$ cat run.cif   # mmCIF, C-alpha atoms
data_data
loop_
_atom_site.label_atom_id
_atom_site.label_comp_id
_atom_site.auth_asym_id
_atom_site.auth_seq_id
_atom_site.Cartn_x
_atom_site.Cartn_y
_atom_site.Cartn_z
CA MET G 1 19.57 1.67 6.67
CA SER G 2 17.55 4.58 8.01
CA VAL G 3 16.20 7.82 6.56
CA THR G 4 15.74 11.08 8.49
CA VAL G 5 13.55 13.99 7.44
CA ARG G 6 13.47 17.44 9.05
CA VAL G 7 10.11 19.19 9.02
CA PRO G 8 9.11 22.66 10.29
CA ALA G 9 6.46 24.12 12.55
CA LYS G 10 4.00 26.69 11.25
CA VAL G 11 2.35 29.88 12.35
CA ASN G 12 -0.95 31.11 10.93
CA VAL G 13 -0.49 34.82 10.23
CA GLN G 14 -4.12 34.88 9.13
CA LEU G 15 -6.73 32.30 10.05
CA ALA G 16 -10.13 33.33 8.70
CA VAL G 17 -12.80 30.77 9.62
CA GLY G 18 -16.18 30.29 7.96
CA ALA G 19 -19.26 28.52 9.23
CA ALA G 20 -19.26 24.78 9.92
CA ARG G 21 -19.86 22.67 6.81
CA ALA G 22 -22.06 19.61 6.50
CA ASP G 23 -18.97 17.39 6.93
CA GLY G 24 -18.10 19.08 10.23
CA PHE G 25 -15.11 20.98 8.85
CA HIS G 26 -14.94 24.75 8.34
CA ASP G 27 -13.97 26.60 5.19
CA LEU G 28 -10.79 28.58 5.83
CA ALA G 29 -8.59 31.27 4.40
CA ASN G 30 -5.45 30.16 6.18
CA VAL G 31 -2.16 31.98 5.53
CA PHE G 32 0.57 29.60 6.64
CA LEU G 33 4.17 30.57 7.32
CA ALA G 34 6.71 27.85 8.11
CA VAL G 35 9.05 28.74 10.97
CA GLY G 36 12.45 27.44 12.00
CA LEU G 37 11.42 25.08 14.79
CA TYR G 38 11.77 21.49 13.61
CA ASP G 39 10.93 17.89 14.37
CA GLU G 40 13.10 15.15 12.89
CA VAL G 41 11.47 11.90 11.82
CA THR G 42 13.66 8.83 11.28
CA VAL G 43 12.37 5.61 9.70
CA THR G 44 14.20 2.28 9.85
CA PRO G 45 13.12 -1.15 8.55
CA ALA G 46 11.50 -3.23 11.31
CA ASP G 47 9.48 -6.40 11.88
CA GLU G 48 6.33 -4.33 12.40
CA LEU G 49 5.16 -0.74 12.45
CA ARG G 50 6.03 1.02 15.70
CA VAL G 51 6.51 4.60 16.85
CA THR G 52 8.87 6.04 19.45
CA CYS G 53 9.33 9.65 20.49
CA GLU G 54 11.77 11.80 22.45
CA GLY G 55 12.06 15.48 23.31
CA PRO G 56 9.94 18.15 25.06
CA GLY G 57 6.34 17.02 25.45
CA SER G 58 7.03 13.56 24.04
CA ASP G 59 5.00 11.98 26.86
CA GLN G 60 1.90 13.56 25.27
CA VAL G 61 2.53 12.08 21.80
CA PRO G 62 0.46 8.97 20.94
CA LEU G 63 2.62 6.01 19.97
CA ASP G 64 -0.17 3.90 18.45
CA ARG G 65 -1.77 3.89 15.00
CA THR G 66 -3.52 7.21 15.71
CA ASN G 67 -0.18 8.99 15.36
CA LEU G 68 -0.15 10.79 12.00
CA ALA G 69 3.36 9.49 11.27
CA ALA G 70 2.12 5.92 11.61
CA ARG G 71 -0.94 6.67 9.48
CA ALA G 72 1.28 8.24 6.81
CA ALA G 73 3.37 5.06 6.61
CA GLU G 74 0.23 2.93 6.36
CA LEU G 75 -1.35 5.03 3.61
CA LEU G 76 1.80 5.13 1.47
CA ALA G 77 2.37 1.40 1.94
CA ALA G 78 -1.24 0.63 0.98
CA ARG G 79 -0.90 2.61 -2.25
CA TYR G 80 2.11 0.56 -3.30
CA GLY G 81 1.07 -2.83 -1.95
CA ILE G 82 3.83 -3.17 0.60
CA ALA G 83 3.85 -3.81 4.35
CA PRO G 84 4.35 -0.71 6.53
CA ASP G 85 6.99 -2.45 8.63
CA VAL G 86 9.08 0.44 9.89
CA HIS G 87 10.25 1.86 13.18
CA ILE G 88 9.35 5.57 13.18
CA HIS G 89 11.32 7.65 15.66
CA ILE G 90 10.24 11.25 16.25
CA ALA G 91 12.66 13.74 17.80
CA LYS G 92 10.35 16.54 18.98
CA ASP G 93 11.28 20.20 19.11
CA ILE G 94 7.95 21.66 17.91
CA PRO G 95 5.70 22.34 20.92
CA VAL G 96 3.20 19.50 21.42
CA ALA G 97 -0.54 20.34 21.30
CA GLY G 98 0.47 23.95 20.74
CA GLY G 99 -1.30 24.99 17.53
CA MET G 100 1.96 24.83 15.53
CA ALA G 101 1.15 21.66 13.55
CA GLY G 102 3.70 19.41 15.25
CA GLY G 103 1.63 16.27 14.66
CA SER G 104 0.99 17.29 11.07
CA ALA G 105 4.71 17.92 10.60
CA ASP G 106 5.47 14.40 11.83
CA GLY G 107 2.96 12.95 9.36
CA ALA G 108 4.56 14.80 6.46
CA GLY G 109 8.05 13.88 7.65
CA ALA G 110 7.21 10.18 7.93
CA LEU G 111 5.65 10.22 4.48
CA VAL G 112 8.76 11.68 2.85
CA ALA G 113 11.04 9.39 4.86
CA CYS G 114 9.10 6.22 3.98
CA ASP G 115 8.97 7.23 0.31
CA ALA G 116 12.77 7.50 0.32
CA LEU G 117 13.30 4.32 2.37
CA TRP G 118 11.01 2.19 0.19
CA GLY G 119 11.96 3.79 -3.13
CA THR G 120 8.30 4.27 -4.03
CA GLN G 121 9.14 7.49 -5.91
CA ALA G 122 5.66 8.92 -5.34
CA SER G 123 5.00 12.15 -7.21
CA CYS G 124 4.55 15.42 -5.33
CA GLY G 125 0.86 15.26 -6.25
CA GLU G 126 0.51 11.78 -4.73
CA LEU G 127 2.27 12.87 -1.55
CA LEU G 128 0.01 15.92 -1.26
CA ASP G 129 -3.08 13.72 -1.76
CA ILE G 130 -1.98 11.47 1.11
CA CYS G 131 -1.19 14.54 3.23
CA ALA G 132 -4.70 15.91 2.65
CA GLU G 133 -6.14 12.56 3.72
CA LEU G 134 -4.11 12.74 6.93
CA GLY G 135 -5.25 16.21 7.96
CA SER G 136 -5.84 19.81 6.98
CA ASP G 137 -2.38 21.12 8.01
CA VAL G 138 -0.31 18.21 6.70
CA PRO G 139 0.03 19.38 3.06
CA PHE G 140 1.59 22.65 4.21
CA SER G 141 4.01 20.80 6.48
CA LEU G 142 5.22 19.01 3.35
CA VAL G 143 5.82 22.11 1.21
CA GLY G 144 6.77 24.76 3.82
CA GLY G 145 7.60 28.34 2.90
CA ALA G 146 4.40 30.34 2.80
CA ALA G 147 1.02 29.43 1.36
CA LEU G 148 -2.65 30.30 1.36
CA GLY G 149 -4.72 27.30 2.39
CA THR G 150 -8.37 27.20 1.33
CA GLY G 151 -11.09 24.56 1.62
CA ARG G 152 -10.41 23.16 5.09
CA GLY G 153 -6.83 24.39 4.66
CA GLU G 154 -5.55 21.56 2.45
CA LYS G 155 -5.78 23.36 -0.93
CA LEU G 156 -2.54 25.30 -1.14
CA GLU G 157 -1.46 28.29 -3.19
CA PRO G 158 2.23 29.17 -2.70
CA LEU G 159 2.91 32.73 -1.60
CA GLU G 160 5.93 34.93 -2.21
CA VAL G 161 7.80 36.21 0.85
CA GLY G 162 10.06 39.22 0.42
CA GLY G 163 12.20 38.89 3.53
CA ALA G 164 12.76 37.22 6.89
CA PHE G 165 10.33 37.63 9.77
CA HIS G 166 11.39 37.12 13.39
CA TRP G 167 9.14 35.40 15.91
CA VAL G 168 8.85 34.43 19.53
CA PHE G 169 6.61 31.52 20.52
CA ALA G 170 5.46 31.30 24.12
CA VAL G 171 4.69 27.71 25.12
CA ALA G 172 1.78 27.45 27.54
CA ASP G 173 1.66 25.09 30.50
CA GLY G 174 -1.13 22.86 29.20
CA GLY G 175 -2.81 22.05 25.90
CA LEU G 176 -5.93 22.83 23.91
CA SER G 177 -7.97 20.43 21.80
CA THR G 178 -8.42 21.73 18.26
CA PRO G 179 -11.95 20.25 17.95
CA ALA G 180 -12.88 21.89 21.26
CA VAL G 181 -11.63 25.27 20.05
CA TYR G 182 -13.69 24.96 16.85
CA ARG G 183 -16.78 24.01 18.89
CA GLU G 184 -16.26 27.11 21.02
CA PHE G 185 -15.82 29.18 17.83
CA ASP G 186 -19.18 27.87 16.59
CA ARG G 187 -20.78 28.79 19.91
CA LEU G 188 -19.31 32.30 19.92
CA THR G 189 -19.85 32.92 16.19
CA PRO G 190 -23.35 31.82 15.17
CA VAL G 191 -23.00 33.60 11.82
CA ALA G 192 -19.49 33.46 10.32
CA PRO G 193 -18.74 35.36 7.08
CA ASP G 194 -17.12 33.62 4.12
CA PRO G 195 -13.36 33.55 4.80
CA GLU G 196 -11.11 35.65 2.56
CA ALA G 197 -7.38 36.30 2.60
CA SER G 198 -6.38 39.85 3.50
CA PRO G 199 -4.85 41.69 0.50
CA ALA G 200 -2.89 43.91 2.91
CA LEU G 201 -1.41 40.88 4.67
CA LEU G 202 -0.47 39.14 1.42
CA ASP G 203 1.18 42.35 0.21
CA ALA G 204 3.14 42.68 3.47
CA LEU G 205 4.43 39.11 3.10
CA ARG G 206 5.39 39.70 -0.53
CA THR G 207 7.31 42.91 0.25
CA GLY G 208 8.81 41.77 3.55
CA ASP G 209 7.03 44.60 5.39
CA VAL G 210 7.14 43.63 9.06
CA ALA G 211 5.04 46.58 10.22
CA GLY G 212 2.44 45.85 7.55
CA LEU G 213 2.31 42.20 8.57
CA ALA G 214 1.94 43.16 12.22
CA ALA G 215 -0.98 45.44 11.39
CA SER G 216 -2.87 42.81 9.41
CA MET G 217 -2.37 39.56 11.37
CA VAL G 218 -5.59 38.03 12.69
CA ASN G 219 -6.82 34.68 14.02
CA ASP G 220 -10.59 34.09 14.08
CA LEU G 221 -10.06 31.21 16.54
CA GLN G 222 -8.38 33.47 19.10
CA PRO G 223 -11.57 34.47 21.00
CA ALA G 224 -12.49 30.79 21.33
CA ALA G 225 -8.99 29.84 22.51
CA LEU G 226 -9.01 32.67 25.07
CA SER G 227 -12.47 31.63 26.26
CA LEU G 228 -11.17 28.13 27.00
CA PHE G 229 -7.71 29.22 28.23
CA PRO G 230 -8.15 32.71 29.75
CA SER G 231 -4.60 32.98 31.12
CA LEU G 232 -3.32 33.35 27.55
CA LYS G 233 -4.48 36.97 27.75
CA ASP G 234 -1.70 37.60 30.27
CA THR G 235 0.87 36.03 27.97
CA LEU G 236 -0.27 38.14 25.02
CA ALA G 237 -0.13 41.28 27.16
CA ALA G 238 3.36 40.46 28.47
CA GLY G 239 4.78 39.99 24.97
CA THR G 240 3.20 43.19 23.70
CA ALA G 241 4.50 45.13 26.69
CA ALA G 242 7.99 43.78 25.94
CA GLY G 243 7.96 45.33 22.47
CA ALA G 244 6.42 42.74 20.15
CA LEU G 245 4.86 44.41 17.11
CA ALA G 246 1.94 41.97 17.13
CA ALA G 247 0.71 39.10 19.25
CA LEU G 248 -1.81 36.36 18.58
CA VAL G 249 -2.75 32.83 19.49
CA SER G 250 -1.05 30.42 17.07
CA GLY G 251 -3.70 28.37 15.26
CA SER G 252 -5.98 26.73 17.81
CA GLY G 253 -3.46 27.45 20.58
CA PRO G 254 -2.41 27.48 23.29
CA THR G 255 1.01 28.56 21.98
CA THR G 256 1.08 32.32 21.45
CA ALA G 257 3.07 33.97 18.64
CA PHE G 258 4.81 37.35 18.77
CA LEU G 259 6.16 39.15 15.72
CA ALA G 260 9.34 41.10 16.50
CA ARG G 261 11.01 43.92 14.61
CA ASP G 262 14.33 42.07 14.28
CA ALA G 263 16.38 39.24 15.78
CA ASP G 264 17.61 41.32 18.74
CA SER G 265 14.08 42.41 19.59
CA ALA G 266 12.90 38.81 19.40
CA ARG G 267 15.46 37.77 22.01
CA GLU G 268 14.38 40.64 24.27
CA VAL G 269 10.71 39.67 23.96
CA ALA G 270 11.56 36.02 24.71
CA ASP G 271 13.51 37.00 27.84
CA ALA G 272 10.68 39.22 29.05
CA LEU G 273 8.07 36.52 28.47
CA LEU G 274 10.06 34.03 30.52
CA ALA G 275 10.56 36.58 33.28
CA SER G 276 6.82 37.35 33.31
CA GLY G 277 5.98 33.84 34.48
CA THR G 278 3.07 33.66 32.03
CA CYS G 279 4.49 30.79 29.93
CA ARG G 280 6.51 27.60 30.33
CA ALA G 281 9.04 28.36 27.60
CA ALA G 282 9.76 31.01 24.96
CA ARG G 283 11.28 30.01 21.64
CA VAL G 284 12.81 32.30 19.01
CA ALA G 285 12.53 31.37 15.33
CA ASP G 286 12.73 32.91 11.87
CA SER G 287 10.52 32.45 8.85
CA PRO G 288 9.97 31.39 6.15
CA ALA G 289 11.44 27.91 6.59
CA GLN G 290 11.85 25.07 4.12
CA GLY G 291 9.30 22.24 4.12
CA ALA G 292 10.02 18.57 4.74
CA VAL G 293 13.58 17.77 3.63
CA LEU G 294 15.88 14.75 3.82
CA VAL G 295 18.86 15.26 6.13
#
$ encode --input "run.cif" --output "structure tokens"
Amino acid sequence: MSVTVRVPAKVNVQLAVGAARADGFHDLANVFLAVGLYDEVTVTPADELRVTCEGPGSDQVPLDRTNLAARAAELLAARYGIAPDVHIHIAKDIPVAGGMAGGSADGAGALVACDALWGTQASCGELLDICAELGSDVPFSLVGGAALGTGRGEKLEPLEVGGAFHWVFAVADGGLSTPAVYREFDRLTPVAPDPEASPALLDALRTGDVAGLAASMVNDLQPAALSLFPSLKDTLAAGTAAGALAALVSGSGPTTAFLARDADSAREVADALLASGTCRAARVADSPAQGAVLV
């Protein structure tokens, strides 16, 4: 018997970052939107816990106990006094090390899959607690849709979305370390204001106003990501020149996100980005997308 869970990528349409806290994390106002690029996580009973991976960028995915999918299995098993003896297979389609929460998605997917495989029947609250222990983005990977994340991003408030938004994601040739981007943010921003969600952005999401969303999107980590990966400026410029309504670095990068007026425009922007030679791949996706779900 095996169980497969599909789990989406995310884009941060607003990432407001406060000063570093005593625990090393930063307070955030993080507006998450799940997008239709997915990993699939399959768990099967095994003699011991092991992880395998296939798909684009799979050679960069750790297959040891540092993988969030493996940690998710261990934490759920420990809560219920069982051995985490499963084979976890990850089929990647979310860009790896791209600021789109692919690793977090795999953690959430493995958690839901193991819960179903083992029949632990953990409550949503228990699953969210484990997700928060795994990482700041993992709770949102579980629930999907749209949400405002506060604290270090793990405290979620669901948000209403009034329509579909069309995106292009340009995959960079190379990766960025999230901790390194935050360190650069601290260097560039010695005094960071308290993070707050933008009322205009939340209203644009609620009403499905693509122009309003484009006008209010912002990522406080973008200057740090561009400082460490300057060629992303060329990618952002190419997408904007091709007709994207807005362009920003996705999360800690180096994937860049482009909001398009409609599905046809998104395909045109993707074609232009590929032709520009400023990215390795360009992916089209819609939002919002459903969170982790059994398939």
$ residues_around --input "run.cif" --residues "Gly119 (chain G)" --least-positions-apart "6" --cutoff "12 Å" --atoms "only C-alpha atoms" --output "tab-separated table (two decimals) with C-alpha atoms, keeping the file's coordinate frame"
chain	number	residue	atom	x	y	z
G	3	VAL	CA	16.20	7.82	6.56
G	76	LEU	CA	1.80	5.13	1.47
G	77	ALA	CA	2.37	1.40	1.94
G	80	TYR	CA	2.11	0.56	-3.30
G	82	ILE	CA	3.83	-3.17	0.60
G	111	LEU	CA	5.65	10.22	4.48
G	112	VAL	CA	8.76	11.68	2.85
G	113	ALA	CA	11.04	9.39	4.86
$ residues_around --input "run.cif" --residues "Ala146 (chain G)" --least-positions-apart "3" --cutoff "8 Å" --atoms "all atoms listed in the file" --output "MDAnalysis selection string"
chainID G and resid 31:34 158:161 288
$ resolve_selection --input "run.cif" --expression "the PyMOL selection byres ((chain G and resi 247) around 9)" --output "PyMOL selection string"
chain G and resi 214+217+236-237+239-240+244-246+248-249+256-259
$ resolve_selection --input "run.cif" --expression "the PyMOL selection byres ((chain G and resi 128) around 9)" --output "count of residues only"
16
$ atom_distance --input "run.cif" --atom1 "CA of Gly55 (chain G)" --atom2 "CA of Ala91 (chain G)"
5.8 Å
$ resolve_selection --input "run.cif" --expression "the PyMOL selection byres ((chain G and resi 106) around 7)" --output "list in words"
Asp39, Val41, Leu68, Ala69, Gly102, Gly103, Ser104, Ala105, Gly107, Ala108, Gly109 and Ala110 of chain G
$ closest_residue --input "run.cif" --among "G:Leu37, G:Leu213, G:Ala20, G:Val96" --to "Ser141 (chain G)" --atoms "all atoms listed in the file"
G:Leu37
$ closest_residue --input "run.cif" --among "G:Asp115, G:Gln290, G:Asp234, G:Ala97" --to "Ser276 (chain G)" --atoms "all atoms listed in the file"
G:Asp234
$ closest_residue --input "run.cif" --among "G:Leu15, G:Ile88, G:Ala180, G:Ala29" --to "Thr42 (chain G)" --atoms "all atoms listed in the file"
G:Ile88
$ closest_residue --input "run.cif" --among "G:Ala211, G:Ala164, G:Ala260, G:Leu28" --to "Asp286 (chain G)" --atoms "all atoms listed in the file"
G:Ala164
$ atom_distance --input "run.cif" --atom1 "CA of Gly57 (chain G)" --atom2 "CA of Pro8 (chain G)"
16.4 Å
$ closest_residue --input "run.cif" --among "G:Thr150, G:Pro84, G:Ala238, G:Ala46" --to "Asp137 (chain G)" --atoms "only C-alpha atoms"
G:Thr150
$ atom_distance --input "run.cif" --atom1 "CA of Gly174 (chain G)" --atom2 "CA of Ser136 (chain G)"
22.9 Å
$ closest_residue --input "run.cif" --among "G:Glu48, G:Asp173, G:Asp27, G:Asp59" --to "Ala73 (chain G)" --atoms "only C-alpha atoms"
G:Glu48
$ residues_around --input "run.cif" --residues "Asp85 (chain G)" --least-positions-apart "4" --cutoff "12 Å" --atoms "only C-alpha atoms" --output "list in words"
Val43, Thr44, Pro45, Ala46, Asp47, Glu48, Leu49, Arg50, Val51, Ala70, Ala73, Glu74, Leu76, Ala77, Ala78, Cys114, Leu117 and Trp118 of chain G
$ write_last_selection --input "run.cif" --atoms "C-alpha atoms" --output "compact mmCIF listing (two decimals), in the coordinates of the input"
# COMPACT_ATOMS: atom_id res chain seq x y z
CA VAL G 43 12.37 5.61 9.70
CA THR G 44 14.20 2.28 9.85
CA PRO G 45 13.12 -1.15 8.55
CA ALA G 46 11.50 -3.23 11.31
CA ASP G 47 9.48 -6.40 11.88
CA GLU G 48 6.33 -4.33 12.40
CA LEU G 49 5.16 -0.74 12.45
CA ARG G 50 6.03 1.02 15.70
CA VAL G 51 6.51 4.60 16.85
CA ALA G 70 2.12 5.92 11.61
CA ALA G 73 3.37 5.06 6.61
CA GLU G 74 0.23 2.93 6.36
CA LEU G 76 1.80 5.13 1.47
CA ALA G 77 2.37 1.40 1.94
CA ALA G 78 -1.24 0.63 0.98
CA CYS G 114 9.10 6.22 3.98
CA LEU G 117 13.30 4.32 2.37
CA TRP G 118 11.01 2.19 0.19
$ decode --input "run.cif" --residues "region 162-173 of chain G" --atoms "all heavy atoms" --output "CSV table (one decimal), in the first residue's frame"
chain,number,residue,atom,x,y,z
G,162,GLY,N,-10.7,36.8,-4.6
G,162,GLY,CA,-11.9,37.0,-5.4
G,162,GLY,C,-11.8,36.6,-6.9
G,162,GLY,O,-12.7,36.9,-7.7
G,163,GLY,N,-10.7,35.9,-7.3
G,163,GLY,CA,-10.6,35.5,-8.7
G,163,GLY,C,-9.2,34.8,-8.9
G,163,GLY,O,-8.4,34.7,-8.0
G,164,ALA,N,-9.0,34.4,-10.1
G,164,ALA,CA,-7.7,33.8,-10.5
G,164,ALA,C,-6.7,34.8,-10.9
G,164,ALA,O,-7.0,35.8,-11.5
G,164,ALA,CB,-7.9,32.8,-11.6
G,165,PHE,N,-5.4,34.5,-10.5
G,165,PHE,CA,-4.3,35.4,-10.9
G,165,PHE,C,-3.3,34.5,-11.7
G,165,PHE,O,-3.1,33.3,-11.3
G,165,PHE,CB,-3.6,36.0,-9.7
G,165,PHE,CG,-4.5,36.9,-8.9
G,165,PHE,CD1,-5.2,36.5,-7.8
G,165,PHE,CD2,-4.6,38.3,-9.3
G,165,PHE,CE1,-6.0,37.4,-7.1
G,165,PHE,CE2,-5.4,39.2,-8.6
G,165,PHE,CZ,-6.1,38.8,-7.5
G,166,HIS,N,-2.8,35.1,-12.7
G,166,HIS,CA,-1.9,34.3,-13.7
G,166,HIS,C,-0.5,34.8,-13.5
G,166,HIS,O,-0.2,36.0,-13.5
G,166,HIS,CB,-2.4,34.6,-15.1
G,166,HIS,CG,-3.9,34.2,-15.3
G,166,HIS,ND1,-4.3,32.9,-15.6
G,166,HIS,CD2,-5.0,34.9,-15.2
G,166,HIS,CE1,-5.6,32.9,-15.7
G,166,HIS,NE2,-6.0,34.1,-15.4
G,167,TRP,N,0.4,33.8,-13.4
G,167,TRP,CA,1.8,34.0,-13.1
G,167,TRP,C,2.8,33.4,-14.1
G,167,TRP,O,2.4,32.4,-14.7
G,167,TRP,CB,2.1,33.4,-11.7
G,167,TRP,CG,1.3,34.0,-10.6
G,167,TRP,CD1,0.1,33.6,-10.1
G,167,TRP,CD2,1.7,35.2,-9.8
G,167,TRP,NE1,-0.3,34.4,-9.1
G,167,TRP,CE2,0.6,35.4,-8.9
G,167,TRP,CE3,2.8,36.1,-9.8
G,167,TRP,CZ2,0.7,36.5,-8.0
G,167,TRP,CZ3,2.8,37.1,-8.9
G,167,TRP,CH2,1.8,37.3,-8.0
G,168,VAL,N,3.9,34.0,-14.1
G,168,VAL,CA,5.1,33.3,-14.8
G,168,VAL,C,6.2,33.3,-13.8
G,168,VAL,O,6.5,34.3,-13.1
G,168,VAL,CB,5.5,34.1,-16.0
G,168,VAL,CG1,6.7,33.3,-16.7
G,168,VAL,CG2,4.4,34.2,-17.0
G,169,PHE,N,6.9,32.2,-13.6
G,169,PHE,CA,8.0,32.0,-12.7
G,169,PHE,C,9.2,31.7,-13.6
G,169,PHE,O,9.3,30.7,-14.3
G,169,PHE,CB,7.7,30.9,-11.7
G,169,PHE,CG,6.6,31.3,-10.8
G,169,PHE,CD1,5.3,30.7,-11.1
G,169,PHE,CD2,6.7,32.1,-9.7
G,169,PHE,CE1,4.2,31.1,-10.3
G,169,PHE,CE2,5.7,32.5,-8.9
G,169,PHE,CZ,4.4,31.9,-9.2
G,170,ALA,N,10.2,32.6,-13.4
G,170,ALA,CA,11.5,32.4,-14.2
G,170,ALA,C,12.5,31.7,-13.2
G,170,ALA,O,12.8,32.2,-12.2
G,170,ALA,CB,12.0,33.7,-14.6
G,171,VAL,N,13.0,30.5,-13.6
G,171,VAL,CA,13.9,29.7,-12.8
G,171,VAL,C,15.3,30.1,-13.1
G,171,VAL,O,15.7,30.0,-14.3
G,171,VAL,CB,13.6,28.2,-13.1
G,171,VAL,CG1,14.5,27.4,-12.2
G,171,VAL,CG2,12.2,27.9,-12.8
G,172,ALA,N,16.0,30.6,-12.1
G,172,ALA,CA,17.4,31.0,-12.3
G,172,ALA,C,18.3,29.8,-12.4
G,172,ALA,O,18.0,28.7,-12.0
G,172,ALA,CB,17.8,31.9,-11.2
G,173,ASP,N,19.5,30.1,-13.1
G,173,ASP,CA,20.5,29.0,-13.2
G,173,ASP,C,21.4,29.2,-11.9
G,173,ASP,O,22.4,29.9,-11.9
G,173,ASP,CB,21.3,29.2,-14.4
G,173,ASP,CG,22.1,28.0,-14.8
G,173,ASP,OD1,22.0,27.0,-14.1
G,173,ASP,OD2,22.7,28.0,-15.9
